[in-house]
file entry-v8.cif (mmCIF, N, CA and C atoms)
data_my_file
loop_
_atom_site.label_atom_id
_atom_site.label_comp_id
_atom_site.auth_asym_id
_atom_site.auth_seq_id
_atom_site.Cartn_x
_atom_site.Cartn_y
_atom_site.Cartn_z
N MET M 1 183.30 113.84 -68.83
CA MET M 1 183.95 114.00 -67.54
C MET M 1 185.39 114.45 -67.77
N PRO M 2 185.85 115.51 -67.07
CA PRO M 2 187.22 115.98 -67.26
C PRO M 2 188.22 114.96 -66.73
N ARG M 3 189.34 114.88 -67.41
CA ARG M 3 190.39 113.95 -66.99
C ARG M 3 191.20 114.57 -65.86
N ARG M 4 191.53 113.75 -64.89
CA ARG M 4 192.37 114.22 -63.79
C ARG M 4 193.83 114.01 -64.16
N PRO M 5 194.72 114.84 -63.64
CA PRO M 5 196.13 114.66 -63.93
C PRO M 5 196.64 113.34 -63.37
N VAL M 6 197.63 112.80 -64.04
CA VAL M 6 198.21 111.52 -63.61
C VAL M 6 198.73 111.62 -62.19
N SER M 7 199.38 112.72 -61.84
CA SER M 7 199.93 112.84 -60.49
C SER M 7 198.83 112.80 -59.43
N GLY M 8 197.64 113.31 -59.76
CA GLY M 8 196.52 113.23 -58.83
C GLY M 8 196.09 111.80 -58.60
N ARG M 9 196.14 111.00 -59.65
CA ARG M 9 195.80 109.58 -59.53
C ARG M 9 196.80 108.88 -58.61
N ARG M 10 198.05 109.17 -58.77
CA ARG M 10 199.08 108.53 -57.94
C ARG M 10 198.96 108.97 -56.48
N MET M 11 198.62 110.23 -56.27
CA MET M 11 198.43 110.70 -54.90
C MET M 11 197.24 110.00 -54.25
N ARG M 12 196.17 109.80 -55.01
CA ARG M 12 195.02 109.08 -54.47
C ARG M 12 195.39 107.65 -54.12
N ILE M 13 196.19 107.00 -54.97
CA ILE M 13 196.63 105.63 -54.69
C ILE M 13 197.40 105.60 -53.37
N LEU M 14 198.34 106.53 -53.21
CA LEU M 14 199.12 106.57 -51.96
C LEU M 14 198.22 106.82 -50.76
N GLU M 15 197.25 107.69 -50.92
CA GLU M 15 196.33 107.97 -49.81
C GLU M 15 195.50 106.74 -49.47
N TRP M 16 194.96 106.07 -50.48
CA TRP M 16 194.15 104.88 -50.23
C TRP M 16 194.97 103.77 -49.59
N LEU M 17 196.22 103.62 -50.02
CA LEU M 17 197.06 102.56 -49.46
C LEU M 17 197.52 102.87 -48.03
N ARG M 18 197.31 104.10 -47.58
CA ARG M 18 197.60 104.43 -46.18
C ARG M 18 196.67 103.62 -45.27
N ASP M 19 195.43 103.42 -45.72
CA ASP M 19 194.44 102.65 -44.96
C ASP M 19 193.71 101.70 -45.92
N PRO M 20 194.37 100.64 -46.36
CA PRO M 20 193.77 99.76 -47.37
C PRO M 20 192.53 99.02 -46.90
N VAL M 21 192.41 98.76 -45.61
CA VAL M 21 191.24 98.05 -45.09
C VAL M 21 189.97 98.88 -45.31
N THR M 22 190.09 100.19 -45.19
CA THR M 22 188.95 101.08 -45.40
C THR M 22 188.62 101.24 -46.88
N HIS M 23 189.64 101.27 -47.72
CA HIS M 23 189.44 101.65 -49.12
C HIS M 23 189.31 100.49 -50.11
N PHE M 24 189.67 99.27 -49.71
CA PHE M 24 189.64 98.15 -50.65
C PHE M 24 188.92 96.95 -50.04
N PRO M 25 188.30 96.14 -50.90
CA PRO M 25 187.60 94.95 -50.40
C PRO M 25 188.61 93.90 -49.91
N PRO M 26 188.15 92.91 -49.14
CA PRO M 26 189.05 91.85 -48.67
C PRO M 26 189.73 91.15 -49.85
N GLN M 27 190.97 90.73 -49.63
CA GLN M 27 191.76 90.08 -50.66
C GLN M 27 191.71 88.57 -50.51
N ARG M 28 191.94 87.91 -51.61
CA ARG M 28 191.94 86.46 -51.62
C ARG M 28 193.12 85.86 -50.85
N HIS M 29 194.29 86.48 -51.00
CA HIS M 29 195.51 85.98 -50.36
C HIS M 29 196.04 87.03 -49.39
N GLY M 30 196.00 86.75 -48.12
CA GLY M 30 196.55 87.66 -47.13
C GLY M 30 195.62 88.82 -46.84
N ASP M 31 196.02 89.60 -45.85
CA ASP M 31 195.18 90.75 -45.52
C ASP M 31 195.74 92.01 -46.17
N ARG M 32 194.88 92.97 -46.39
CA ARG M 32 195.24 94.19 -47.11
C ARG M 32 196.26 95.03 -46.37
N ALA M 33 196.16 95.09 -45.06
CA ALA M 33 197.05 95.95 -44.29
C ALA M 33 198.49 95.45 -44.34
N GLU M 34 198.70 94.16 -44.24
CA GLU M 34 200.05 93.60 -44.21
C GLU M 34 200.55 93.21 -45.59
N GLY M 35 199.70 92.56 -46.36
CA GLY M 35 200.14 92.01 -47.64
C GLY M 35 200.03 92.94 -48.81
N GLY M 36 199.19 93.94 -48.72
CA GLY M 36 199.03 94.88 -49.81
C GLY M 36 197.77 94.65 -50.62
N VAL M 37 197.69 95.36 -51.73
CA VAL M 37 196.51 95.38 -52.58
C VAL M 37 196.95 95.11 -54.01
N PRO M 38 196.21 94.28 -54.75
CA PRO M 38 196.59 94.02 -56.15
C PRO M 38 196.17 95.16 -57.08
N ALA M 39 196.80 95.22 -58.23
CA ALA M 39 196.52 96.27 -59.21
C ALA M 39 195.06 96.27 -59.64
N ALA M 40 194.46 95.10 -59.74
CA ALA M 40 193.06 95.02 -60.17
C ALA M 40 192.15 95.80 -59.22
N ALA M 41 192.40 95.71 -57.92
CA ALA M 41 191.57 96.44 -56.95
C ALA M 41 191.78 97.94 -57.08
N VAL M 42 193.02 98.35 -57.31
CA VAL M 42 193.31 99.77 -57.49
C VAL M 42 192.64 100.28 -58.77
N ALA M 43 192.74 99.50 -59.85
CA ALA M 43 192.13 99.89 -61.12
C ALA M 43 190.62 100.05 -60.98
N GLU M 44 190.00 99.12 -60.27
CA GLU M 44 188.55 99.19 -60.08
C GLU M 44 188.17 100.45 -59.32
N LYS M 45 188.91 100.77 -58.27
CA LYS M 45 188.59 101.96 -57.48
C LYS M 45 188.83 103.24 -58.28
N LEU M 46 189.87 103.25 -59.12
CA LEU M 46 190.16 104.42 -59.95
C LEU M 46 189.24 104.51 -61.18
N ALA M 47 188.59 103.40 -61.50
CA ALA M 47 187.76 103.31 -62.71
C ALA M 47 188.61 103.52 -63.97
N VAL M 48 189.76 102.86 -64.00
CA VAL M 48 190.66 102.89 -65.16
C VAL M 48 191.01 101.45 -65.52
N PRO M 49 191.53 101.22 -66.73
CA PRO M 49 191.99 99.87 -67.07
C PRO M 49 193.11 99.43 -66.14
N ARG M 50 193.21 98.12 -65.93
CA ARG M 50 194.24 97.59 -65.03
C ARG M 50 195.64 97.98 -65.49
N SER M 51 195.86 98.05 -66.79
CA SER M 51 197.19 98.42 -67.29
C SER M 51 197.59 99.83 -66.85
N VAL M 52 196.62 100.73 -66.76
CA VAL M 52 196.89 102.11 -66.30
C VAL M 52 197.26 102.08 -64.82
N ALA M 53 196.50 101.37 -64.03
CA ALA M 53 196.80 101.26 -62.59
C ALA M 53 198.15 100.60 -62.38
N GLU M 54 198.44 99.54 -63.15
CA GLU M 54 199.73 98.85 -63.02
C GLU M 54 200.89 99.78 -63.33
N ALA M 55 200.75 100.62 -64.35
CA ALA M 55 201.82 101.57 -64.70
C ALA M 55 202.06 102.54 -63.55
N ASP M 56 200.99 103.07 -62.96
CA ASP M 56 201.14 103.98 -61.83
C ASP M 56 201.77 103.27 -60.63
N LEU M 57 201.32 102.07 -60.34
CA LEU M 57 201.85 101.32 -59.20
C LEU M 57 203.32 100.97 -59.41
N ARG M 58 203.68 100.56 -60.62
CA ARG M 58 205.09 100.24 -60.90
C ARG M 58 205.97 101.47 -60.74
N LEU M 59 205.49 102.62 -61.19
CA LEU M 59 206.27 103.84 -61.04
C LEU M 59 206.45 104.19 -59.56
N LEU M 60 205.38 104.12 -58.79
CA LEU M 60 205.48 104.41 -57.36
C LEU M 60 206.41 103.43 -56.65
N ALA M 61 206.41 102.18 -57.09
CA ALA M 61 207.33 101.19 -56.52
C ALA M 61 208.76 101.48 -56.95
N ALA M 62 208.96 101.88 -58.20
CA ALA M 62 210.31 102.15 -58.71
C ALA M 62 210.98 103.31 -57.98
N VAL M 63 210.19 104.30 -57.56
CA VAL M 63 210.78 105.43 -56.82
C VAL M 63 210.83 105.16 -55.32
N GLY M 64 210.38 103.98 -54.92
CA GLY M 64 210.53 103.57 -53.53
C GLY M 64 209.38 103.91 -52.61
N LEU M 65 208.27 104.40 -53.14
CA LEU M 65 207.15 104.76 -52.28
C LEU M 65 206.27 103.56 -51.93
N LEU M 66 206.33 102.52 -52.77
CA LEU M 66 205.56 101.30 -52.52
C LEU M 66 206.49 100.10 -52.47
N ARG M 67 206.09 99.13 -51.68
CA ARG M 67 206.77 97.84 -51.63
C ARG M 67 205.89 96.83 -52.35
N THR M 68 206.51 95.85 -52.96
CA THR M 68 205.76 94.84 -53.69
C THR M 68 205.97 93.47 -53.08
N ARG M 69 204.99 92.62 -53.32
CA ARG M 69 205.06 91.23 -52.86
C ARG M 69 204.31 90.37 -53.87
N ARG M 70 204.99 89.38 -54.39
CA ARG M 70 204.36 88.48 -55.36
C ARG M 70 203.73 87.30 -54.63
N ILE M 71 202.48 87.03 -54.97
CA ILE M 71 201.79 85.84 -54.49
C ILE M 71 201.16 85.20 -55.71
N ARG M 72 201.68 84.05 -56.07
CA ARG M 72 201.25 83.35 -57.29
C ARG M 72 201.48 84.26 -58.49
N LEU M 73 200.43 84.60 -59.21
CA LEU M 73 200.58 85.41 -60.41
C LEU M 73 200.35 86.90 -60.19
N ARG M 74 200.03 87.28 -58.97
CA ARG M 74 199.70 88.68 -58.70
C ARG M 74 200.79 89.38 -57.89
N THR M 75 200.89 90.67 -58.14
CA THR M 75 201.77 91.52 -57.34
C THR M 75 200.88 92.36 -56.43
N TYR M 76 201.22 92.38 -55.16
CA TYR M 76 200.49 93.16 -54.16
C TYR M 76 201.34 94.36 -53.76
N TYR M 77 200.69 95.50 -53.61
CA TYR M 77 201.39 96.75 -53.33
C TYR M 77 200.97 97.30 -51.97
N ARG M 78 201.97 97.83 -51.25
CA ARG M 78 201.69 98.53 -50.00
C ARG M 78 202.69 99.66 -49.85
N ARG M 79 202.33 100.62 -49.04
CA ARG M 79 203.19 101.79 -48.84
C ARG M 79 204.47 101.41 -48.10
N ASP M 80 205.56 102.10 -48.45
CA ASP M 80 206.81 101.99 -47.70
C ASP M 80 206.88 103.24 -46.83
N GLU M 81 206.35 103.11 -45.63
CA GLU M 81 206.22 104.27 -44.75
C GLU M 81 207.56 104.89 -44.39
N VAL M 82 208.60 104.07 -44.25
CA VAL M 82 209.93 104.60 -43.92
C VAL M 82 210.42 105.50 -45.05
N ARG M 83 210.32 105.02 -46.27
CA ARG M 83 210.78 105.80 -47.43
C ARG M 83 209.94 107.07 -47.61
N ILE M 84 208.66 106.96 -47.42
CA ILE M 84 207.78 108.14 -47.55
C ILE M 84 208.17 109.19 -46.51
N ALA M 85 208.47 108.77 -45.29
CA ALA M 85 208.89 109.70 -44.24
C ALA M 85 210.23 110.35 -44.59
N GLU M 86 211.17 109.57 -45.16
CA GLU M 86 212.46 110.12 -45.58
C GLU M 86 212.27 111.21 -46.63
N ILE M 87 211.43 110.94 -47.60
CA ILE M 87 211.19 111.91 -48.67
C ILE M 87 210.51 113.16 -48.12
N ALA M 88 209.55 112.98 -47.21
CA ALA M 88 208.87 114.13 -46.60
C ALA M 88 209.89 115.00 -45.86
N ARG M 89 210.83 114.37 -45.13
CA ARG M 89 211.85 115.14 -44.42
C ARG M 89 212.74 115.91 -45.39
N MET M 90 213.08 115.32 -46.54
CA MET M 90 213.89 116.02 -47.53
C MET M 90 213.20 117.29 -48.00
N PHE M 91 211.89 117.20 -48.27
CA PHE M 91 211.15 118.36 -48.74
C PHE M 91 211.00 119.40 -47.63
N GLU M 92 210.85 118.95 -46.39
CA GLU M 92 210.74 119.88 -45.27
C GLU M 92 212.04 120.69 -45.11
N LYS M 93 213.17 120.06 -45.45
CA LYS M 93 214.47 120.74 -45.32
C LYS M 93 214.78 121.64 -46.52
N GLY M 94 213.85 121.69 -47.46
CA GLY M 94 214.03 122.56 -48.61
C GLY M 94 214.80 121.94 -49.76
N TRP M 95 214.68 120.66 -49.93
CA TRP M 95 215.38 119.95 -51.00
C TRP M 95 215.04 120.40 -52.33
#
call {"tool": "encode", "arguments": {"input": "entry-v8.cif", "output": "structure tokens"}}
result
Amino acid sequence: MPRRPVSGRRMRILEWLRDPVTHFPPQRHGDRAEGGVPAAAVAEKLAVPRSVAEADLRLLAAVGLLRTRRIRLRTYYRRDEVRIAEIARMFEKGW
């Protein structure tokens, strides 16, 4: 099977997190729409090791596209819609 580019994986993560209820199973702690999705669920959907998914999620969080929330030992990720809209406007203006 051909490997997909890393950026394609990150774009899929962002797309899936736009509607986490549709793309991920119910979570143990909190709901997916408000609380986010853990790295294990993202890794399972991507069919990659959890460490790979965690690296992508941490990068997306570091650049401000995702927000994180710790619950016990897990980090839950969700989109930062305000930041994503700001970045989209920058590109629309020809940044």
call {"tool": "closest_residue", "arguments": {"input": "entry-v8.cif", "among": "M:Arg72, M:Arg50, M:Gly64, M:Arg79", "to": "M:Gly36", "atoms": "all atoms listed in the file"}}
result
M:Arg79
call {"tool": "atom_distance", "arguments": {"input": "entry-v8.cif", "atom1": "atom CA of M:Arg74", "atom2": "atom N of M:Gly8"}}
result
24.7 Å
call {"tool": "closest_residue", "arguments": {"input": "entry-v8.cif", "among": "M:Met11, M:Ala55, M:Val21, M:Ala41", "to": "M:Tyr76", "atoms": "only C-alpha atoms"}}
result
M:Ala41
call {"tool": "atom_distance", "arguments": {"input": "entry-v8.cif", "atom1": "atom CA of M:Leu57", "atom2": "atom CA of M:Glu81"}}
result
15.4 Å
call {"tool": "closest_residue", "arguments": {"input": "entry-v8.cif", "among": "M:Ala47, M:Met90, M:Leu14, M:Leu66", "to": "M:Arg78", "atoms": "all atoms listed in the file"}}
result
M:Leu66
call {"tool": "closest_residue", "arguments": {"input": "entry-v8.cif", "among": "M:Arg9, M:Ala85, M:Trp16, M:His23", "to": "M:Val48", "atoms": "only C-alpha atoms"}}
result
M:Arg9
call {"tool": "atom_distance", "arguments": {"input": "entry-v8.cif", "atom1": "atom N of M:Val37", "atom2": "atom N of M:Pro20"}}
result
8.2 Å
call {"tool": "residues_around", "arguments": {"input": "entry-v8.cif", "residues": "M:Thr75", "least_positions_apart": "6", "cutoff": "12 Å", "atoms": "only C-alpha atoms", "output": "list in words"}}
result
His29, Gly35, Gly36, Val37, Pro38, Ala39, Ala40, Ala41, Val42, Glu54, Leu57, Arg58, Ala61, Leu66, Arg67, Thr68 and Arg69 of chain M
call {"tool": "select_by_dssp", "arguments": {"input": "entry-v8.cif", "residues": "chain M", "states": "strand (DSSP E)", "output": "JSON, numbers by chain"}}
result
{"M": [37, 38, 66, 67, 68, 69, 70, 71, 74, 75, 76, 77, 78, 79]}
call {"tool": "select_by_dssp", "arguments": {"input": "entry-v8.cif", "residues": "chain M", "states": "alpha helix (DSSP H)", "output": "MDAnalysis selection string"}}
result
chainID M and resid 6:18 20:23 32:35 39:46 50:62 81:92
call {"tool": "closest_residue", "arguments": {"input": "entry-v8.cif", "among": "M:Val82, M:Ala43, M:Val52, M:Leu60", "to": "M:Arg10", "atoms": "only C-alpha atoms"}}
result
M:Leu60
